[in-house]
$ cat model_3.txt   # compact mmCIF, C-alpha atoms
# COMPACT_ATOMS: atom_id res chain seq x y z
CA MET A 1 -178.56 -46.75 -218.96
CA VAL A 2 -180.10 -43.59 -217.57
CA GLU A 3 -183.09 -43.28 -215.28
CA LYS A 4 -185.98 -41.19 -216.61
CA ASN A 5 -189.31 -41.05 -214.83
CA GLY A 6 -188.21 -44.07 -212.82
CA GLU A 7 -187.54 -46.14 -215.94
CA SER A 8 -184.17 -47.20 -217.30
CA ILE A 9 -183.64 -46.02 -220.84
CA VAL A 10 -180.83 -46.58 -223.31
CA ILE A 11 -179.36 -43.44 -224.86
CA PRO A 12 -178.27 -43.73 -228.53
CA SER A 13 -174.50 -43.45 -228.90
CA ALA A 14 -174.89 -40.57 -231.40
CA VAL A 15 -176.58 -38.56 -228.65
CA ILE A 16 -173.83 -39.45 -226.15
CA LYS A 17 -171.28 -38.25 -228.69
CA ARG A 18 -172.93 -34.83 -228.87
CA LEU A 19 -173.39 -34.30 -225.11
CA PRO A 20 -169.85 -33.09 -224.32
CA LYS A 21 -170.20 -30.54 -227.11
CA TYR A 22 -173.49 -29.23 -225.72
CA HIS A 23 -171.88 -29.11 -222.31
CA ARG A 24 -168.94 -27.11 -223.63
CA ASN A 25 -171.23 -24.74 -225.54
CA LEU A 26 -173.28 -24.13 -222.40
CA GLU A 27 -170.13 -23.45 -220.44
CA SER A 28 -169.08 -20.69 -222.82
CA LEU A 29 -172.62 -19.26 -222.79
CA LEU A 30 -172.41 -19.17 -218.97
CA ASP A 31 -169.02 -17.46 -219.19
CA LYS A 32 -170.58 -14.82 -221.44
CA GLY A 33 -173.41 -14.26 -218.94
CA VAL A 34 -176.16 -15.66 -221.20
CA GLU A 35 -179.09 -16.68 -218.99
CA ARG A 36 -181.43 -18.32 -221.43
CA ILE A 37 -181.31 -19.48 -225.00
CA SER A 38 -183.78 -20.78 -227.57
CA SER A 39 -183.31 -24.21 -229.11
CA ARG A 40 -182.83 -22.50 -232.48
CA GLU A 41 -179.96 -20.31 -231.25
CA PHE A 42 -178.43 -23.10 -229.19
CA GLY A 43 -178.66 -25.49 -232.13
CA LYS A 44 -176.90 -22.95 -234.32
CA ILE A 45 -173.99 -22.71 -231.87
CA ALA A 46 -173.80 -26.47 -231.48
CA GLY A 47 -174.09 -27.12 -235.21
CA VAL A 48 -177.31 -29.15 -235.05
CA SER A 49 -180.89 -28.33 -236.03
CA ALA A 50 -183.30 -27.11 -233.35
CA PRO A 51 -185.51 -30.25 -233.59
CA GLN A 52 -182.38 -32.43 -233.32
CA LEU A 53 -181.25 -30.56 -230.22
CA ARG A 54 -184.66 -30.79 -228.56
CA GLN A 55 -184.87 -34.50 -229.37
CA ASP A 56 -181.37 -35.11 -227.95
CA LEU A 57 -182.09 -33.30 -224.70
CA ASN A 58 -185.53 -34.88 -224.33
CA HIS A 59 -183.80 -38.19 -223.72
CA PHE A 60 -182.88 -36.94 -220.28
CA GLY A 61 -185.92 -34.97 -219.19
CA ASN A 62 -187.96 -31.94 -220.12
CA PHE A 63 -185.51 -29.07 -219.92
CA GLY A 64 -186.90 -26.55 -222.37
CA GLN A 65 -190.01 -24.44 -222.05
CA GLN A 66 -191.97 -23.33 -225.06
CA GLY A 67 -191.61 -19.59 -225.62
CA TYR A 68 -188.77 -19.37 -223.08
CA GLY A 69 -186.16 -21.80 -224.32
CA TYR A 70 -183.54 -23.22 -222.02
CA ASN A 71 -182.21 -21.81 -218.78
CA VAL A 72 -178.49 -22.01 -219.49
CA GLU A 73 -177.34 -22.62 -215.92
CA ASN A 74 -179.99 -25.25 -215.15
CA LEU A 75 -179.29 -27.13 -218.35
CA TYR A 76 -175.53 -26.92 -217.75
CA ASN A 77 -175.93 -28.33 -214.25
CA ALA A 78 -178.28 -31.05 -215.47
CA LEU A 79 -175.86 -32.15 -218.21
CA SER A 80 -172.97 -32.08 -215.71
CA LYS A 81 -174.96 -34.44 -213.52
CA ILE A 82 -175.95 -36.69 -216.42
CA MET A 83 -172.34 -36.92 -217.57
CA GLY A 84 -171.10 -37.74 -214.11
CA ILE A 85 -169.02 -34.58 -213.87
CA GLU A 86 -170.26 -33.27 -210.56
CA LYS A 87 -168.89 -36.31 -208.81
CA LYS A 88 -165.14 -35.99 -208.56
CA SER A 89 -163.47 -38.73 -210.57
CA ASN A 90 -159.97 -39.86 -209.75
CA MET A 91 -157.83 -41.24 -212.53
CA VAL A 92 -154.43 -42.80 -212.89
CA LEU A 93 -152.15 -42.22 -215.86
CA VAL A 94 -149.48 -44.53 -217.18
CA GLY A 95 -146.74 -43.16 -219.44
CA VAL A 96 -145.24 -39.73 -218.81
CA GLY A 97 -143.84 -39.20 -222.31
CA ASN A 98 -144.88 -36.23 -224.44
CA ILE A 99 -148.62 -36.73 -224.43
CA GLY A 100 -148.62 -38.02 -220.85
CA GLN A 101 -146.84 -34.92 -219.58
CA ALA A 102 -149.20 -32.68 -221.53
CA LEU A 103 -152.13 -34.41 -219.82
CA VAL A 104 -150.54 -34.15 -216.37
CA ASN A 105 -149.95 -30.43 -216.90
CA SER A 106 -153.39 -29.72 -218.32
CA THR A 107 -156.05 -27.98 -216.25
CA ASP A 108 -158.87 -28.80 -218.68
CA PHE A 109 -159.79 -32.01 -216.89
CA THR A 110 -159.61 -30.76 -213.33
CA LYS A 111 -161.96 -27.93 -214.32
CA ARG A 112 -164.46 -30.64 -215.18
CA GLY A 113 -163.99 -32.68 -212.01
CA PHE A 114 -161.41 -35.20 -213.21
CA TYR A 115 -158.27 -35.53 -211.12
CA LEU A 116 -155.10 -37.50 -211.71
CA SER A 117 -154.40 -39.04 -208.35
CA ALA A 118 -151.28 -40.94 -209.42
CA ILE A 119 -149.02 -41.23 -212.44
CA PHE A 120 -146.81 -44.16 -213.44
CA ASP A 121 -143.99 -45.02 -215.80
CA ILE A 122 -141.84 -48.03 -216.53
CA ASN A 123 -138.66 -46.00 -217.10
CA PRO A 124 -136.55 -46.02 -213.89
CA ARG A 125 -135.05 -42.66 -214.86
CA LEU A 126 -138.49 -41.08 -214.70
CA VAL A 127 -139.70 -42.84 -211.55
CA GLY A 128 -139.45 -40.46 -208.62
CA ILE A 129 -139.44 -37.19 -210.57
CA LYS A 130 -142.31 -34.77 -210.04
CA ILE A 131 -144.56 -33.45 -212.79
CA ASN A 132 -147.03 -30.75 -211.82
CA GLY A 133 -146.65 -31.79 -208.18
CA LEU A 134 -147.25 -35.50 -208.82
CA GLU A 135 -144.46 -37.98 -208.23
CA VAL A 136 -144.00 -40.58 -210.98
CA LYS A 137 -144.48 -44.06 -209.47
CA ASP A 138 -143.10 -47.33 -210.76
CA VAL A 139 -145.61 -49.19 -212.93
CA SER A 140 -145.20 -52.26 -210.66
CA GLN A 141 -147.34 -50.38 -208.12
CA LEU A 142 -150.15 -49.74 -210.60
CA GLU A 143 -152.47 -52.64 -209.83
CA ASN A 144 -152.28 -52.22 -206.06
CA TYR A 145 -152.91 -48.51 -206.36
CA ILE A 146 -155.99 -48.91 -208.53
CA THR A 147 -157.50 -51.53 -206.25
CA GLU A 148 -156.68 -49.72 -203.00
CA HIS A 149 -157.97 -46.35 -204.14
CA LYS A 150 -160.93 -47.74 -206.12
CA ILE A 151 -159.81 -45.81 -209.23
CA LYS A 152 -162.39 -45.99 -212.01
CA ILE A 153 -160.55 -44.38 -214.95
CA GLY A 154 -157.13 -45.31 -216.30
CA VAL A 155 -155.34 -43.16 -218.86
CA ILE A 156 -152.92 -44.96 -221.17
CA ALA A 157 -150.23 -42.79 -222.75
CA VAL A 158 -147.55 -45.40 -223.38
CA PRO A 159 -146.13 -46.51 -226.75
CA GLU A 160 -148.19 -48.86 -228.91
CA LYS A 161 -146.30 -52.00 -227.89
CA ALA A 162 -146.76 -51.52 -224.15
CA ALA A 163 -150.41 -50.47 -224.22
CA GLN A 164 -152.17 -53.85 -224.13
CA GLU A 165 -150.14 -55.04 -221.15
CA ILE A 166 -150.96 -51.88 -219.20
CA ALA A 167 -154.63 -52.29 -220.11
CA ASN A 168 -154.53 -55.89 -218.82
CA LYS A 169 -153.07 -54.71 -215.51
CA MET A 170 -155.73 -52.03 -215.19
CA VAL A 171 -158.52 -54.50 -215.93
CA ARG A 172 -157.18 -57.02 -213.42
CA ALA A 173 -157.09 -54.30 -210.79
CA GLY A 174 -160.74 -53.40 -211.35
CA ILE A 175 -160.67 -50.32 -213.59
CA GLN A 176 -164.00 -49.42 -215.21
CA GLY A 177 -162.91 -47.25 -218.11
CA ILE A 178 -159.78 -46.64 -220.15
CA TRP A 179 -158.90 -43.40 -221.92
CA ASN A 180 -156.43 -44.64 -224.50
CA PHE A 181 -153.90 -42.46 -226.32
CA ALA A 182 -151.83 -45.35 -227.71
CA PRO A 183 -152.40 -45.93 -231.44
CA VAL A 184 -153.75 -49.43 -230.92
CA ASP A 185 -157.16 -51.03 -230.45
CA LEU A 186 -157.12 -52.53 -226.96
CA LYS A 187 -158.68 -55.91 -226.34
CA CYS A 188 -160.57 -55.77 -223.04
CA PRO A 189 -163.61 -57.51 -221.56
CA GLN A 190 -166.84 -56.01 -222.88
CA GLU A 191 -167.79 -54.39 -219.59
CA ILE A 192 -164.70 -52.17 -219.69
CA LYS A 193 -165.52 -48.87 -221.39
CA ILE A 194 -162.84 -47.58 -223.75
CA GLU A 195 -162.47 -44.18 -225.34
CA ASN A 196 -159.70 -43.87 -227.91
CA GLU A 197 -157.78 -40.74 -228.80
CA HIS A 198 -155.95 -41.79 -231.91
CA LEU A 199 -154.55 -38.39 -232.73
CA THR A 200 -152.85 -39.28 -235.98
CA GLU A 201 -156.18 -40.47 -237.38
CA GLY A 202 -157.51 -36.93 -237.13
CA LEU A 203 -154.58 -35.64 -239.13
CA LEU A 204 -155.05 -38.34 -241.76
CA ARG A 205 -158.73 -37.46 -242.08
CA LEU A 206 -157.83 -33.80 -242.49
CA SER A 207 -155.27 -34.62 -245.17
CA PHE A 208 -157.84 -36.72 -247.00
CA LYS A 209 -160.46 -33.96 -246.88
CA ILE A 210 -157.97 -31.45 -248.28
CA ASP A 211 -157.03 -33.73 -251.16
CA GLU A 212 -160.60 -34.64 -252.03
CA MET B 1 -163.99 -35.95 -254.45
CA VAL B 2 -161.97 -38.94 -255.59
CA GLU B 3 -161.38 -40.13 -259.14
CA LYS B 4 -162.49 -43.65 -259.92
CA ASN B 5 -162.52 -45.01 -263.45
CA GLY B 6 -162.12 -41.45 -264.68
CA GLU B 7 -165.22 -40.27 -262.83
CA SER B 8 -165.36 -38.03 -259.79
CA ILE B 9 -167.16 -39.67 -256.89
CA VAL B 10 -168.10 -38.41 -253.44
CA ILE B 11 -167.00 -40.61 -250.56
CA PRO B 12 -169.40 -40.81 -247.58
CA SER B 13 -167.93 -39.18 -244.47
CA ALA B 14 -168.46 -42.39 -242.45
CA VAL B 15 -166.10 -44.17 -244.86
CA ILE B 16 -163.54 -41.37 -244.59
CA LYS B 17 -163.71 -41.71 -240.82
CA ARG B 18 -162.78 -45.38 -241.01
CA LEU B 19 -159.91 -45.06 -243.53
CA PRO B 20 -157.20 -44.00 -241.03
CA LYS B 21 -158.11 -47.01 -238.89
CA TYR B 22 -157.81 -49.40 -241.84
CA HIS B 23 -154.53 -47.75 -242.71
CA ARG B 24 -153.22 -48.21 -239.18
CA ASN B 25 -154.41 -51.84 -239.07
CA LEU B 26 -152.63 -52.55 -242.35
CA GLU B 27 -149.49 -50.96 -241.03
CA SER B 28 -149.39 -53.30 -238.04
CA LEU B 29 -150.13 -56.28 -240.30
CA LEU B 30 -147.17 -55.24 -242.46
CA ASP B 31 -145.00 -54.94 -239.36
CA LYS B 32 -145.97 -58.48 -238.41
CA GLY B 33 -145.04 -59.72 -241.88
CA VAL B 34 -148.60 -60.61 -242.93
CA GLU B 35 -148.75 -60.70 -246.74
CA ARG B 36 -152.41 -61.23 -247.42
CA ILE B 37 -155.63 -61.18 -245.47
CA SER B 38 -159.26 -62.07 -246.09
CA SER B 39 -161.96 -59.43 -245.73
CA ARG B 40 -163.37 -61.50 -242.86
CA GLU B 41 -160.12 -61.45 -240.88
CA PHE B 42 -159.36 -57.85 -241.74
CA GLY B 43 -162.88 -56.81 -240.78
CA LYS B 44 -162.45 -58.56 -237.43
CA ILE B 45 -159.25 -56.60 -236.70
CA ALA B 46 -160.82 -53.34 -237.81
CA GLY B 47 -164.04 -53.96 -235.92
CA VAL B 48 -166.36 -53.91 -238.95
CA SER B 49 -168.18 -56.69 -240.79
CA ALA B 50 -166.59 -58.21 -243.90
CA PRO B 51 -169.32 -56.84 -246.23
CA GLN B 52 -168.91 -53.39 -244.67
CA LEU B 53 -165.16 -53.51 -245.21
CA ARG B 54 -165.50 -54.62 -248.82
CA GLN B 55 -168.09 -51.94 -249.49
CA ASP B 56 -165.87 -49.26 -247.92
CA LEU B 57 -162.82 -50.23 -249.95
CA ASN B 58 -164.82 -50.63 -253.16
CA HIS B 59 -165.34 -46.87 -253.13
CA PHE B 60 -161.73 -46.50 -254.20
CA GLY B 61 -161.21 -49.37 -256.62
CA ASN B 62 -161.20 -53.14 -256.75
CA PHE B 63 -158.55 -54.15 -254.26
CA GLY B 64 -159.69 -57.58 -253.12
CA GLN B 65 -159.68 -60.83 -255.07
CA GLN B 66 -162.19 -63.54 -254.37
CA GLY B 67 -160.54 -66.54 -252.75
CA TYR B 68 -157.34 -64.60 -252.15
CA GLY B 69 -158.37 -61.59 -250.10
CA TYR B 70 -156.26 -58.47 -249.95
CA ASN B 71 -152.56 -58.10 -250.57
CA VAL B 72 -151.60 -56.18 -247.42
CA GLU B 73 -148.79 -54.15 -248.92
CA ASN B 74 -150.68 -53.18 -252.08
CA LEU B 75 -153.72 -52.13 -250.09
CA TYR B 76 -151.57 -50.20 -247.62
CA ASN B 77 -149.86 -48.33 -250.45
CA ALA B 78 -153.17 -47.65 -252.18
CA LEU B 79 -154.73 -46.24 -249.00
CA SER B 80 -151.61 -44.14 -248.37
CA LYS B 81 -152.03 -42.66 -251.82
CA ILE B 82 -155.77 -42.10 -251.40
CA MET B 83 -155.20 -40.36 -248.07
CA GLY B 84 -152.51 -38.14 -249.50
CA ILE B 85 -149.82 -39.57 -247.23
CA GLU B 86 -147.21 -40.40 -249.83
CA LYS B 87 -146.88 -36.74 -250.70
CA LYS B 88 -144.95 -34.99 -247.95
CA SER B 89 -147.15 -32.46 -246.21
CA ASN B 90 -145.64 -29.51 -244.41
CA MET B 91 -147.50 -28.05 -241.49
CA VAL B 92 -147.12 -25.11 -239.14
CA LEU B 93 -148.06 -25.22 -235.47
CA VAL B 94 -149.09 -22.32 -233.28
CA GLY B 95 -148.89 -22.63 -229.50
CA VAL B 96 -146.03 -24.52 -227.84
CA GLY B 97 -147.77 -25.15 -224.53
CA ASN B 98 -148.26 -28.69 -223.21
CA ILE B 99 -150.10 -30.20 -226.13
CA GLY B 100 -148.11 -28.19 -228.67
CA GLN B 101 -144.80 -29.45 -227.29
CA ALA B 102 -146.09 -33.01 -227.25
CA LEU B 103 -146.97 -32.65 -230.94
CA VAL B 104 -143.59 -31.12 -231.81
CA ASN B 105 -141.81 -33.98 -230.05
CA SER B 106 -143.97 -36.71 -231.55
CA THR B 107 -142.67 -38.93 -234.34
CA ASP B 108 -146.11 -40.38 -235.17
CA PHE B 109 -146.82 -37.75 -237.80
CA THR B 110 -143.44 -37.72 -239.53
CA LYS B 111 -143.72 -41.50 -239.92
CA ARG B 112 -146.82 -40.80 -241.97
CA GLY B 113 -145.33 -38.04 -244.09
CA PHE B 114 -146.43 -34.99 -242.12
CA TYR B 115 -143.71 -32.54 -241.13
CA LEU B 116 -143.82 -29.47 -238.96
CA SER B 117 -141.81 -26.94 -240.91
CA ALA B 118 -142.25 -24.09 -238.44
CA ILE B 119 -143.68 -23.51 -234.97
CA PHE B 120 -144.98 -20.26 -233.50
CA ASP B 121 -145.98 -18.74 -230.18
CA ILE B 122 -147.14 -15.37 -228.94
CA ASN B 123 -145.16 -15.55 -225.68
CA PRO B 124 -141.88 -13.59 -226.08
CA ARG B 125 -140.22 -15.82 -223.49
CA LEU B 126 -140.77 -18.83 -225.72
CA VAL B 127 -139.87 -17.18 -229.03
CA GLY B 128 -136.35 -18.19 -230.00
CA ILE B 129 -136.10 -21.37 -227.93
CA LYS B 130 -135.69 -24.68 -229.74
CA ILE B 131 -138.01 -27.65 -229.38
CA ASN B 132 -136.97 -30.85 -231.10
CA GLY B 133 -134.64 -28.83 -233.32
CA LEU B 134 -137.28 -26.29 -234.36
CA GLU B 135 -136.94 -22.67 -233.28
CA VAL B 136 -140.12 -21.07 -231.96
CA LYS B 137 -140.99 -18.09 -234.17
CA ASP B 138 -143.05 -15.05 -233.23
CA VAL B 139 -146.69 -15.40 -234.26
CA SER B 140 -146.42 -12.08 -236.17
CA GLN B 141 -144.46 -14.04 -238.82
CA LEU B 142 -147.18 -16.66 -239.21
CA GLU B 143 -149.09 -15.27 -242.20
CA ASN B 144 -145.99 -14.51 -244.25
CA TYR B 145 -144.57 -17.93 -243.53
CA ILE B 146 -147.71 -19.78 -244.61
CA THR B 147 -148.00 -17.80 -247.82
CA GLU B 148 -144.31 -17.97 -248.72
CA HIS B 149 -143.97 -21.68 -248.07
CA LYS B 150 -147.41 -22.61 -249.44
CA ILE B 151 -148.26 -24.44 -246.19
CA LYS B 152 -151.52 -26.38 -246.46
CA ILE B 153 -152.09 -27.54 -242.87
CA GLY B 154 -152.11 -25.40 -239.74
CA VAL B 155 -152.14 -26.92 -236.25
CA ILE B 156 -153.76 -24.82 -233.52
CA ALA B 157 -152.67 -25.64 -229.97
CA VAL B 158 -153.33 -22.30 -228.27
CA PRO B 159 -155.81 -21.57 -225.46
CA GLU B 160 -159.50 -21.29 -226.31
CA LYS B 161 -159.55 -17.49 -226.36
CA ALA B 162 -156.71 -17.10 -228.87
CA ALA B 163 -157.79 -19.87 -231.26
CA GLN B 164 -160.21 -17.98 -233.53
CA GLU B 165 -157.74 -15.16 -234.16
CA ILE B 166 -155.02 -17.64 -235.12
CA ALA B 167 -157.47 -19.44 -237.41
CA ASN B 168 -158.32 -16.11 -239.08
CA LYS B 169 -154.63 -15.43 -239.70
CA MET B 170 -154.15 -18.89 -241.16
CA VAL B 171 -157.16 -18.52 -243.44
CA ARG B 172 -156.03 -15.08 -244.67
CA ALA B 173 -152.62 -16.55 -245.48
CA GLY B 174 -154.15 -19.32 -247.60
CA ILE B 175 -154.19 -22.39 -245.36
CA GLN B 176 -156.36 -25.27 -246.61
CA GLY B 177 -156.91 -27.26 -243.45
CA ILE B 178 -156.78 -26.71 -239.70
CA TRP B 179 -156.07 -29.37 -237.10
CA ASN B 180 -157.55 -27.78 -234.01
CA PHE B 181 -156.72 -28.75 -230.43
CA ALA B 182 -158.34 -25.70 -228.81
CA PRO B 183 -161.67 -26.52 -227.12
CA VAL B 184 -163.66 -24.22 -229.38
CA ASP B 185 -165.58 -24.54 -232.64
CA LEU B 186 -163.75 -22.36 -235.13
CA LYS B 187 -165.68 -20.24 -237.58
CA CYS B 188 -163.97 -20.45 -240.96
CA PRO B 189 -165.06 -20.19 -244.60
CA GLN B 190 -166.66 -23.41 -245.80
CA GLU B 191 -163.78 -24.34 -248.09
CA ILE B 192 -161.38 -24.60 -245.13
CA LYS B 193 -161.31 -28.16 -243.82
CA ILE B 194 -161.25 -28.47 -240.04
CA GLU B 195 -160.53 -31.49 -237.88
CA ASN B 196 -161.10 -31.00 -234.16
CA GLU B 197 -159.32 -32.81 -231.35
CA HIS B 198 -161.41 -31.84 -228.37
CA LEU B 199 -159.65 -34.11 -225.92
CA THR B 200 -161.81 -33.38 -222.90
CA GLU B 201 -164.88 -34.50 -224.83
CA GLY B 202 -163.43 -37.99 -225.03
CA LEU B 203 -163.01 -38.07 -221.27
CA LEU B 204 -166.55 -36.83 -220.73
CA ARG B 205 -167.90 -39.52 -223.06
CA LEU B 206 -165.95 -42.14 -221.14
CA SER B 207 -167.27 -40.88 -217.83
CA PHE B 208 -170.81 -40.97 -219.16
CA LYS B 209 -170.42 -44.52 -220.44
CA ILE B 210 -169.10 -45.67 -217.06
CA ASP B 211 -172.01 -44.10 -215.22
CA GLU B 212 -174.67 -45.42 -217.59
$ encode --input "model_3.txt" --output "structure tokens"
Amino acid sequence: MVEKNGESIVIPSAVIKRLPKYHRNLESLLDKGVERISSREFGKIAGVSAPQLRQDLNHFGNFGQQGYGYNVENLYNALSKIMGIEKKSNMVLVGVGNIGQALVNSTDFTKRGFYLSAIFDINPRLVGIKINGLEVKDVSQLENYITEHKIKIGVIAVPEKAAQEIANKMVRAGIQGIWNFAPVDLKCPQEIKIENEHLTEGLLRLSFKIDE
Amino acid sequence: MVEKNGESIVIPSAVIKRLPKYHRNLESLLDKGVERISSREFGKIAGVSAPQLRQDLNHFGNFGQQGYGYNVENLYNALSKIMGIEKKSNMVLVGVGNIGQALVNSTDFTKRGFYLSAIFDINPRLVGIKINGLEVKDVSQLENYITEHKIKIGVIAVPEKAAQEIANKMVRAGIQGIWNFAPVDLKCPQEIKIENEHLTEGLLRLSFKIDE
């Protein structure tokens, strides 16, 4: 739910899906020094029609001005706020295998206000080593850590078979959202938000499109 | 386009999106030794209604039998064929940074018939080293390699700024599909199929859902 003019409104999930893209597009416009942009031009960059773009953004307030378009910086800041980016979010990650290490080493998330405050693994040979300055903790400490530090987001980068158990631990400890890289559909209480990154599915879709 | 009863039919993109999930679900059913499953049960696992599932699968042929349901192995094999998995697909990857290395080290793709036959980077310090048995080649060899080996799928795991140039090289060399991990929307001729993995977008969506 989002507040608009003092009222709570529900944003359609299709709109939510497009927001990060708009945000990214605005970021590169800012990088290029673009100060304002029409809904037609912006829509072209984002791959949606101008009316679609205006309708999407109208869910959150009146950003555009007729004859002027959008102020890139204002809209970028507004979307950052809407998406909860300006608040710093601390995350924990479990599983420092290939994908896990790539995530720990990435700067893409920190740029957007997301920080890994602790990383965990079950493998005793990995516990204690440092990756990008973070020491790998034993997964037995996971629940306490989440509860103590009021962590909202848990990243799961463990193999398929271990994923549900890690999710259960996270949920018990009070996590609010799970970013899941394991190729499995987690079963969690409805109030837990889950975002899946099933990478292989993207490759399968690509293969299918090529063969069509 | 897919052939069904000798006719070419167009499959809705929403159906295509769900196929890899069905395929993955069937794979875990097979692993568990499940031989047959009703559309109701299968739909429950896949998170769609039974009528939706039946309608989706009917696009490709008549797999289910009333009163029996689906034979898990037959359906798995049929979907593998439809998705082009049974044919071995060779891919090239450019960019052996964090995500690139994770992809090179992953076994998830090979299990599904996708093989990296060569990997490339622009960094001379990385050229020549071996990752998971594959020697990193100089990116100047990319176009020749794709053309010579008739590579259909190119994986882009380079930073944002380098991605479009790599895509252009791939397209010139005759690539058919690009699996793109760079946080940028590539501009390619319409006939080139593109599947984006914009990881940070998933995290932003999660953050938004938590804050709703």
$ atom_distance --input "model_3.txt" --atom1 "CA of Lys169 in chain B" --atom2 "CA of Thr110 in chain B"
24.9 Å
$ interface_residues --input "model_3.txt" --of "chain A" --to "chain B" --cutoff "8 Å" --atoms "all atoms listed in the file" --output "PDB file with C-alpha atoms, in the frame of the given file"
ATOM      1  CA  MET A   1    -178.560 -46.750-218.960  1.00  0.00           C
ATOM      2  CA  VAL A   2    -180.100 -43.590-217.570  1.00  0.00           C
ATOM      3  CA  ILE A  16    -173.830 -39.450-226.150  1.00  0.00           C
ATOM      4  CA  LYS A  17    -171.280 -38.250-228.690  1.00  0.00           C
ATOM      5  CA  LEU A  19    -173.390 -34.300-225.110  1.00  0.00           C
ATOM      6  CA  PRO A  20    -169.850 -33.090-224.320  1.00  0.00           C
ATOM      7  CA  LYS A  21    -170.200 -30.540-227.110  1.00  0.00           C
ATOM      8  CA  ILE A  82    -175.950 -36.690-216.420  1.00  0.00           C
ATOM      9  CA  MET A  83    -172.340 -36.920-217.570  1.00  0.00           C
ATOM     10  CA  GLY A  84    -171.100 -37.740-214.110  1.00  0.00           C
ATOM     11  CA  ILE A  85    -169.020 -34.580-213.870  1.00  0.00           C
ATOM     12  CA  ASN A  98    -144.880 -36.230-224.440  1.00  0.00           C
ATOM     13  CA  ILE A  99    -148.620 -36.730-224.430  1.00  0.00           C
ATOM     14  CA  GLN A 101    -146.840 -34.920-219.580  1.00  0.00           C
ATOM     15  CA  ALA A 102    -149.200 -32.680-221.530  1.00  0.00           C
ATOM     16  CA  LEU A 103    -152.130 -34.410-219.820  1.00  0.00           C
ATOM     17  CA  ASN A 105    -149.950 -30.430-216.900  1.00  0.00           C
ATOM     18  CA  SER A 106    -153.390 -29.720-218.320  1.00  0.00           C
ATOM     19  CA  ASP A 108    -158.870 -28.800-218.680  1.00  0.00           C
ATOM     20  CA  PHE A 109    -159.790 -32.010-216.890  1.00  0.00           C
ATOM     21  CA  GLN A 176    -164.000 -49.420-215.210  1.00  0.00           C
ATOM     22  CA  GLY A 177    -162.910 -47.250-218.110  1.00  0.00           C
ATOM     23  CA  ILE A 178    -159.780 -46.640-220.150  1.00  0.00           C
ATOM     24  CA  TRP A 179    -158.900 -43.400-221.920  1.00  0.00           C
ATOM     25  CA  LYS A 193    -165.520 -48.870-221.390  1.00  0.00           C
ATOM     26  CA  ILE A 194    -162.840 -47.580-223.750  1.00  0.00           C
ATOM     27  CA  GLU A 195    -162.470 -44.180-225.340  1.00  0.00           C
ATOM     28  CA  ASN A 196    -159.700 -43.870-227.910  1.00  0.00           C
ATOM     29  CA  GLU A 197    -157.780 -40.740-228.800  1.00  0.00           C
ATOM     30  CA  LEU A 199    -154.550 -38.390-232.730  1.00  0.00           C
ATOM     31  CA  THR A 200    -152.850 -39.280-235.980  1.00  0.00           C
ATOM     32  CA  GLU A 201    -156.180 -40.470-237.380  1.00  0.00           C
ATOM     33  CA  GLY A 202    -157.510 -36.930-237.130  1.00  0.00           C
ATOM     34  CA  LEU A 203    -154.580 -35.640-239.130  1.00  0.00           C
ATOM     35  CA  LEU A 204    -155.050 -38.340-241.760  1.00  0.00           C
ATOM     36  CA  ARG A 205    -158.730 -37.460-242.080  1.00  0.00           C
ATOM     37  CA  LEU A 206    -157.830 -33.800-242.490  1.00  0.00           C
ATOM     38  CA  SER A 207    -155.270 -34.620-245.170  1.00  0.00           C
ATOM     39  CA  PHE A 208    -157.840 -36.720-247.000  1.00  0.00           C
ATOM     40  CA  LYS A 209    -160.460 -33.960-246.880  1.00  0.00           C
ATOM     41  CA  ILE A 210    -157.970 -31.450-248.280  1.00  0.00           C
ATOM     42  CA  ASP A 211    -157.030 -33.730-251.160  1.00  0.00           C
ATOM     43  CA  GLU A 212    -160.600 -34.640-252.030  1.00  0.00           C
TER      44      GLU A 212
END
$ atom_distance --input "model_3.txt" --atom1 "CA of Asn90 in chain B" --atom2 "CA of Phe181 in chain B"
17.9 Å
$ atom_distance --input "model_3.txt" --atom1 "CA of Pro12 in chain A" --atom2 "CA of Asp56 in chain A"
9.2 Å
$ residues_around --input "model_3.txt" --residues "Asn74 in chain B" --least-positions-apart "3" --cutoff "12 Å" --atoms "all atoms listed in the file" --output "list in words"
His23, Leu26, Glu27, Leu30, Val34, Glu35, Arg36, Ile37, Asn62, Phe63, Gly64, Gly69, Tyr70, Asn71, Asn77, Ala78, Leu79, Ser80 and Lys81 of chain B
$ axis_aligned_box --input "model_3.txt" --around "range 108-124 of chain A" --padding-each-side "6 Å" --output "AutoDock Vina command-line options"
--center_x -150.5 --center_y -38.0 --center_z -213.5 --size_x 39.9 --size_y 32.1 --size_z 22.3
